[in-house]
Structures are given as C-alpha cells and as structure tokens.
file data-v9.pdb (PDB, C-alpha atoms, pLDDT in the B column)
ATOM      1  CA  MET A  91       4.674 -30.975 -18.720  1.00 53.00           C
ATOM      2  CA  GLU A  92       2.066 -33.713 -18.858  1.00 59.00           C
ATOM      3  CA  PRO A  93       0.461 -35.026 -15.664  1.00 55.00           C
ATOM      4  CA  ASP A  94       1.741 -38.350 -14.378  1.00 57.00           C
ATOM      5  CA  LYS A  95      -0.795 -40.993 -15.393  1.00 59.00           C
ATOM      6  CA  ASN A  96      -0.014 -42.916 -12.169  1.00 56.00           C
ATOM      7  CA  VAL A  97      -1.310 -40.071  -9.995  1.00 55.00           C
ATOM      8  CA  GLY A  98      -5.015 -40.298  -9.265  1.00 59.00           C
ATOM      9  CA  THR A  99      -7.190 -37.220  -9.622  1.00 59.00           C
ATOM     10  CA  GLU A 100      -7.774 -37.230  -5.849  1.00 59.00           C
ATOM     11  CA  ASN A 101      -4.079 -36.371  -5.370  1.00 61.00           C
ATOM     12  CA  LEU A 102      -4.128 -33.412  -7.762  1.00 61.00           C
ATOM     13  CA  ASN A 103      -6.103 -31.219  -5.351  1.00 79.00           C
ATOM     14  CA  ILE A 104      -3.980 -31.800  -2.249  1.00 81.00           C
ATOM     15  CA  PHE A 105      -3.852 -28.077  -1.444  1.00 81.00           C
ATOM     16  CA  VAL A 106      -7.605 -27.812  -1.803  1.00 82.00           C
ATOM     17  CA  ARG A 107      -8.230 -30.935   0.272  1.00 83.00           C
ATOM     18  CA  PHE A 108      -5.775 -30.031   3.034  1.00 88.00           C
ATOM     19  CA  GLY A 109      -5.652 -26.241   2.656  1.00 89.00           C
ATOM     20  CA  ASP A 110      -6.962 -25.493   6.155  1.00 91.00           C
ATOM     21  CA  ARG A 111      -4.497 -27.877   7.794  1.00 92.00           C
ATOM     22  CA  ILE A 112      -1.612 -26.485   5.729  1.00 92.00           C
ATOM     23  CA  SER A 113      -2.579 -22.913   6.614  1.00 92.00           C
ATOM     24  CA  ASP A 114      -2.853 -23.774  10.320  1.00 92.00           C
ATOM     25  CA  ALA A 115       0.572 -25.464  10.271  1.00 93.00           C
ATOM     26  CA  CYS A 116       2.136 -22.409   8.578  1.00 93.00           C
ATOM     27  CA  GLN A 117       0.587 -20.063  11.143  1.00 92.00           C
ATOM     28  CA  ARG A 118       1.893 -22.203  14.010  1.00 93.00           C
ATOM     29  CA  ALA A 119       5.370 -22.299  12.443  1.00 94.00           C
ATOM     30  CA  VAL A 120       5.484 -18.508  12.040  1.00 93.00           C
ATOM     31  CA  ARG A 121       4.261 -17.989  15.604  1.00 94.00           C
ATOM     32  CA  GLU A 122       6.921 -20.391  16.906  1.00 95.00           C
ATOM     33  CA  ALA A 123       9.653 -18.616  14.916  1.00 96.00           C
ATOM     34  CA  LEU A 124       8.533 -15.216  16.251  1.00 96.00           C
ATOM     35  CA  GLN A 125       8.498 -16.551  19.806  1.00 96.00           C
ATOM     36  CA  ARG A 126      12.004 -17.986  19.404  1.00 97.00           C
ATOM     37  CA  HIS A 127      13.338 -14.672  18.098  1.00 97.00           C
ATOM     38  CA  LYS A 128      11.638 -12.744  20.893  1.00 96.00           C
ATOM     39  CA  THR A 129      12.924 -15.138  23.590  1.00 96.00           C
ATOM     40  CA  ALA A 130      16.459 -15.167  22.186  1.00 97.00           C
ATOM     41  CA  GLY A 131      16.521 -11.374  21.915  1.00 97.00           C
ATOM     42  CA  ASN A 132      16.906 -11.382  18.132  1.00 98.00           C
ATOM     43  CA  PRO A 133      15.306  -8.753  15.897  1.00 97.00           C
ATOM     44  CA  ILE A 134      13.165  -9.661  12.876  1.00 97.00           C
ATOM     45  CA  ALA A 135      12.666  -8.004   9.502  1.00 97.00           C
ATOM     46  CA  ILE A 136       9.138  -7.268   8.273  1.00 96.00           C
ATOM     47  CA  SER A 137       7.584  -5.360   5.408  1.00 97.00           C
ATOM     48  CA  ARG A 138       5.597  -2.265   6.353  1.00 96.00           C
ATOM     49  CA  ASP A 139       4.145   0.054   3.698  1.00 97.00           C
ATOM     50  CA  GLY A 140       6.428  -1.513   1.098  1.00 97.00           C
ATOM     51  CA  LYS A 141       9.595  -0.925   3.114  1.00 98.00           C
ATOM     52  CA  VAL A 142      11.757  -3.269   5.172  1.00 98.00           C
ATOM     53  CA  VAL A 143      11.502  -2.521   8.890  1.00 97.00           C
ATOM     54  CA  ILE A 144      13.600  -4.152  11.611  1.00 98.00           C
ATOM     55  CA  LEU A 145      11.651  -4.896  14.787  1.00 97.00           C
ATOM     56  CA  GLN A 146      13.507  -5.287  18.049  1.00 97.00           C
ATOM     57  CA  PRO A 147      12.444  -8.217  20.260  1.00 96.00           C
ATOM     58  CA  ASP A 148      10.323  -6.011  22.540  1.00 95.00           C
ATOM     59  CA  GLU A 149       8.413  -4.752  19.470  1.00 96.00           C
ATOM     60  CA  ILE A 150       7.427  -8.237  18.240  1.00 95.00           C
ATOM     61  CA  GLU A 151       3.690  -8.717  18.771  1.00 91.00           C
ATOM     62  CA  MET A 152       2.521 -12.291  19.067  1.00 84.00           C
ATOM     63  CA  GLY A 153      -1.250 -11.875  18.778  1.00 77.00           C
ATOM     64  CA  PRO A 154      -3.706 -14.546  19.855  1.00 74.00           C
ATOM     65  CA  GLU A 155      -2.750 -18.204  19.633  1.00 75.00           C
ATOM     66  CA  PRO A 156      -4.413 -20.025  16.715  1.00 65.00           C
ATOM     67  CA  ASN A 157      -6.846 -22.837  17.482  1.00 65.00           C
ATOM     68  CA  GLU A 158      -5.290 -26.279  17.764  1.00 55.00           C
ATOM     69  CA  THR A 159      -6.800 -28.930  15.472  1.00 48.00           C
TER      70      THR A 159
END
call {"tool": "encode", "arguments": {"input": "data-v9.pdb", "output": "structure tokens"}}
result
Amino acid sequence: MEPDKNVGTENLNIFVRFGDRISDACQRAVREALQRHKTAGNPIAISRDGKVVILQPDEIEMGPEPNET
C-alpha cells in the first residue's frame, strides 16, 4: 500500500511524537478498569508465567498512581 500523498510527513510519526501521552492514557485506562472491577467485586484474568490466572477482587493490586500530565 502506498502512502497517501495528502498526508504530510509530520503526521507519519504520530506514535513517536505523542508516544508518552498515548502510553500515559493507556496506563490510566487500565488503572481505571482495574479499579472498577475491584469496586464492583468482579474478578479479572491475567497472564502469569504463561498461564491464565483469575484474580479475585481482593487480589487486584493497584500500584502507585501514574503522574498526571
């Protein structure tokens, strides 16, 4: 697939230009989802040593809050 000639080169590196902001937003979204599951009493599935493990709400660890930007 050929690049769109109407897209400037500055737009091609959007993930490089905004990578930190994208990463921060993803971390906040995951933290919010974990908090919602914990508060609602719903378990979550994680991968541990290559196996699927179900964590009960009281086993969900939140860790420190990421810095707000």
call {"tool": "residues_around", "arguments": {"input": "data-v9.pdb", "residues": "region 139-149 of chain A", "least_positions_apart": "3", "cutoff": "9 Å", "atoms": "only C-alpha atoms", "output": "PyMOL selection string"}}
result
chain A and resi 124+127-136
call {"tool": "closest_residue", "arguments": {"input": "data-v9.pdb", "among": "A:Arg107, A:Arg126, A:Arg118, A:Arg138", "to": "Pro154 (chain A)", "atoms": "all atoms listed in the file"}}
result
A:Arg118
call {"tool": "atom_distance", "arguments": {"input": "data-v9.pdb", "atom1": "CA of Gly109 (chain A)", "atom2": "CA of Ile150 (chain A)"}}
result
27.2 Å
call {"tool": "build_atoms", "arguments": {"input": "data-v9.pdb", "residues": "region 122-148 of chain A", "atoms": "N, CA and C atoms", "output": "tab-separated table (two decimals), in the coordinates of the input"}}
result
chain	number	residue	atom	x	y	z
A	122	GLU	N	5.80	-19.79	16.18
A	122	GLU	CA	6.92	-20.39	16.91
A	122	GLU	C	8.23	-19.67	16.58
A	123	ALA	N	8.44	-19.33	15.31
A	123	ALA	CA	9.65	-18.62	14.92
A	123	ALA	C	9.71	-17.24	15.57
A	124	LEU	N	8.58	-16.53	15.60
A	124	LEU	CA	8.53	-15.22	16.25
A	124	LEU	C	8.84	-15.34	17.74
A	125	GLN	N	8.26	-16.35	18.37
A	125	GLN	CA	8.50	-16.55	19.81
A	125	GLN	C	9.97	-16.85	20.08
A	126	ARG	N	10.59	-17.66	19.22
A	126	ARG	CA	12.00	-17.99	19.40
A	126	ARG	C	12.88	-16.74	19.26
A	127	HIS	N	12.57	-15.91	18.28
A	127	HIS	CA	13.34	-14.67	18.10
A	127	HIS	C	13.17	-13.76	19.30
A	128	LYS	N	11.93	-13.62	19.75
A	128	LYS	CA	11.64	-12.74	20.89
A	128	LYS	C	12.36	-13.23	22.14
A	129	THR	N	12.29	-14.54	22.41
A	129	THR	CA	12.92	-15.14	23.59
A	129	THR	C	14.44	-15.02	23.53
A	130	ALA	N	15.00	-15.22	22.34
A	130	ALA	CA	16.46	-15.17	22.19
A	130	ALA	C	16.99	-13.74	22.11
A	131	GLY	N	16.09	-12.76	22.00
A	131	GLY	CA	16.52	-11.37	21.92
A	131	GLY	C	16.99	-10.97	20.53
A	132	ASN	N	16.51	-11.68	19.51
A	132	ASN	CA	16.91	-11.38	18.13
A	132	ASN	C	15.84	-10.54	17.43
A	133	PRO	N	16.27	-9.54	16.67
A	133	PRO	CA	15.31	-8.75	15.90
A	133	PRO	C	14.79	-9.54	14.69
A	134	ILE	N	13.70	-9.07	14.10
A	134	ILE	CA	13.16	-9.66	12.88
A	134	ILE	C	12.97	-8.56	11.84
A	135	ALA	N	12.94	-8.94	10.59
A	135	ALA	CA	12.67	-8.00	9.50
A	135	ALA	C	11.25	-8.26	8.99
A	136	ILE	N	10.49	-7.17	8.82
A	136	ILE	CA	9.14	-7.27	8.27
A	136	ILE	C	8.99	-6.24	7.16
A	137	SER	N	7.91	-6.35	6.42
A	137	SER	CA	7.58	-5.36	5.41
A	137	SER	C	6.44	-4.50	5.95
A	138	ARG	N	6.63	-3.19	5.90
A	138	ARG	CA	5.60	-2.26	6.35
A	138	ARG	C	5.52	-1.13	5.33
A	139	ASP	N	4.35	-0.97	4.73
A	139	ASP	CA	4.14	0.05	3.70
A	139	ASP	C	5.17	-0.05	2.57
A	140	GLY	N	5.51	-1.28	2.19
A	140	GLY	CA	6.43	-1.51	1.10
A	140	GLY	C	7.89	-1.33	1.43
A	141	LYS	N	8.20	-1.11	2.70
A	141	LYS	CA	9.60	-0.92	3.11
A	141	LYS	C	9.97	-1.98	4.15
A	142	VAL	N	11.26	-2.32	4.18
A	142	VAL	CA	11.76	-3.27	5.17
A	142	VAL	C	11.95	-2.53	6.49
A	143	VAL	N	11.39	-3.09	7.55
A	143	VAL	CA	11.50	-2.52	8.89
A	143	VAL	C	12.06	-3.60	9.82
A	144	ILE	N	13.03	-3.23	10.62
A	144	ILE	CA	13.60	-4.15	11.61
A	144	ILE	C	12.90	-3.91	12.94
A	145	LEU	N	12.29	-4.98	13.48
A	145	LEU	CA	11.65	-4.90	14.79
A	145	LEU	C	12.58	-5.49	15.84
A	146	GLN	N	12.75	-4.78	16.91
A	146	GLN	CA	13.51	-5.29	18.05
A	146	GLN	C	12.63	-6.29	18.80
A	147	PRO	N	13.23	-7.18	19.58
A	147	PRO	CA	12.44	-8.22	20.26
A	147	PRO	C	11.27	-7.68	21.07
A	148	ASP	N	11.43	-6.54	21.73
A	148	ASP	CA	10.32	-6.01	22.54
A	148	ASP	C	9.21	-5.42	21.68
